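Reviewing the structure listed below.
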Amino acid sequence: MNDKTCITCNQVKLISEFYKHPGMADGHLNKCKECQKANSIAAKKANPDRYRAIARKYANKEDVKLKKKIHRATQKGREEARKGFINYKEKYPKKHKAVTALKRAVKSGVIVRPTICSECGKEDKIHAHHDNYNHPLVVRWLCDRCHKNWHLTNEAIY
């Protein structure tokens, strides 16, 4: 049996056009790969928060973190990271320039990094937050939680 009918598009296709699935009688899903991909994309668009949470949970697993760390230590991993950094700089040039200018100011002592959050007063690793990237040295110093909360309800000015 080399052919199978997709239950979504009703087309008869080769069995290789269906994902393997051990729970099915013939060992393959009833939807073809094309229809399955379309369904997955539609589900992610319909409920992005759910899929973001699933991705975060997966990324925070210890074995996944270890695999990423090992990959980043390889030549291929370093090259991918470099390309990602270059793409980020090209996509957000103002943001990159502002962050770089702030890092230089902190390193030279022009700006002193505080140890407490300006919103909640928590002592933790403090992030420099730009409300407006056109003013690179004007920042608010926020803890991780306050920084994330700010971005949930506001947008930075580019």
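Each chain in the structure tokens gets a letter, A, B and so on, in the order shown; residues start at 1 in every chain, and ligands are counted from 1 in the order they appear.
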Just the residues within 9 Å of Cys120 of chain A, please, counting only C-alpha atoms, with nothing from its chain fewer than 3 positions along; format it as a ChimeraX atom specification. /A:116-117,142-143,146
Save out the residues we just selected, N, CA and C atoms, as a short mmCIF file (atom, residue, chain, number, x, y, z; two decimals), in the first residue's frame.
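The new file selection15.cif reads:
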data_model
loop_
_atom_site.label_atom_id
_atom_site.label_comp_id
_atom_site.auth_asym_id
_atom_site.auth_seq_id
_atom_site.Cartn_x
_atom_site.Cartn_y
_atom_site.Cartn_z
N ILE A 116 19.44 48.59 42.83
CA ILE A 116 18.03 48.38 43.15
C ILE A 116 17.14 48.86 42.00
N CYS A 117 15.99 48.23 41.86
CA CYS A 117 15.01 48.56 40.83
C CYS A 117 14.36 49.90 41.15
N LEU A 142 15.59 48.80 35.93
CA LEU A 142 14.48 47.93 36.35
C LEU A 142 14.96 46.50 36.58
N CYS A 143 14.31 45.83 37.54
CA CYS A 143 14.57 44.40 37.73
C CYS A 143 13.91 43.65 36.57
N CYS A 146 9.93 43.85 36.57
CA CYS A 146 9.40 45.18 36.21
C CYS A 146 9.68 45.49 34.74
#
Residues of segment 54-155 of chain A classed as helix (DSSP H, G or I) by DSSP on the backbone are to be reported as an NGL selection string. :A and (54-59 or 62-72 or 75-91 or 93-108 or 144-153)
Tell me which protein, DNA and RNA residues are within 9 Å of Leu137 of chain A, counting only C-alpha atoms, leaving out same-chain ones fewer than 5 positions away, and put them as a PyMOL selection string. chain A and resi 98-99+101-102+105+111+130
Rank nothing, just name the residue among A:Ala38, A:Cys32, A:Leu66, A:Val110 nearest to Val12 of chain A, using only C-alpha atoms. A:Cys32
Within 8 Å of Ile7 of chain A, counting only C-alpha atoms, which residues show up once you throw out same-chain ones fewer than 3 positions away? Write them as a ChimeraX atom specification, please. /A:10,30-31
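Residues in contact with Trp141 of chain A at 9 Å, where only C-alpha atoms are counted and same-chain residues fewer than 6 positions away are skipped, are listed as A:Arg113, A:Pro114, A:Thr115, A:Ile116, A:Cys117, A:Ser118, A:Glu119, A:Ile126, A:His127, A:Ala128, A:His129, A:His147.
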Atom CA of Lys4 of chain A to atom CA of His21 of chain A, straight-line distance in Å: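 Here the two named atoms are 13.8 Å from each other.
Residue nearest Asn134 of chain A within the list A:Lys45, A:Lys122, A:Lys95, A:His28: A:Lys95 [criterion: smallest interatomic distance, only C-alpha atoms].
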Have a look at atom CA of Lys57 of chain A and atom CA of Glu155 of chain A and let me know their distance in Å, one decimal.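 Taking atom CA of Lys57 of chain A as the start and atom CA of Glu155 of chain A as the end point, the length is 25.1 Å.
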d(atom CA of Cys6 of chain A, atom CA of Tyr19 of chain A) in Å: 11.3 Å
Could you go through segment 115-154 of chain A and tell me which residues DSSP, when run on the backbone, assigns to strand (DSSP E or B), listing them as a list in words? Ile116, Glu123, His127, Ala128, His129, Asn132, Arg140, Trp141 and Leu142 of chain A
Shell of 10 Å around Ala81 of chain A, only C-alpha atoms, local chain residues under 6 positions omitted, as a list in words: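 So, after excluding close chain neighbours, the residues are Arg72, Gln75 and Asn87 of chain A.
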Restricting the calculation to only C-alpha atoms: of A:Ala43, A:Cys35, A:Ile157, A:Ala25, which residue gets closest to Tyr92 of chain A?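 Using only C-alpha atoms, Tyr92 of chain A sits closest to A:Ile157.
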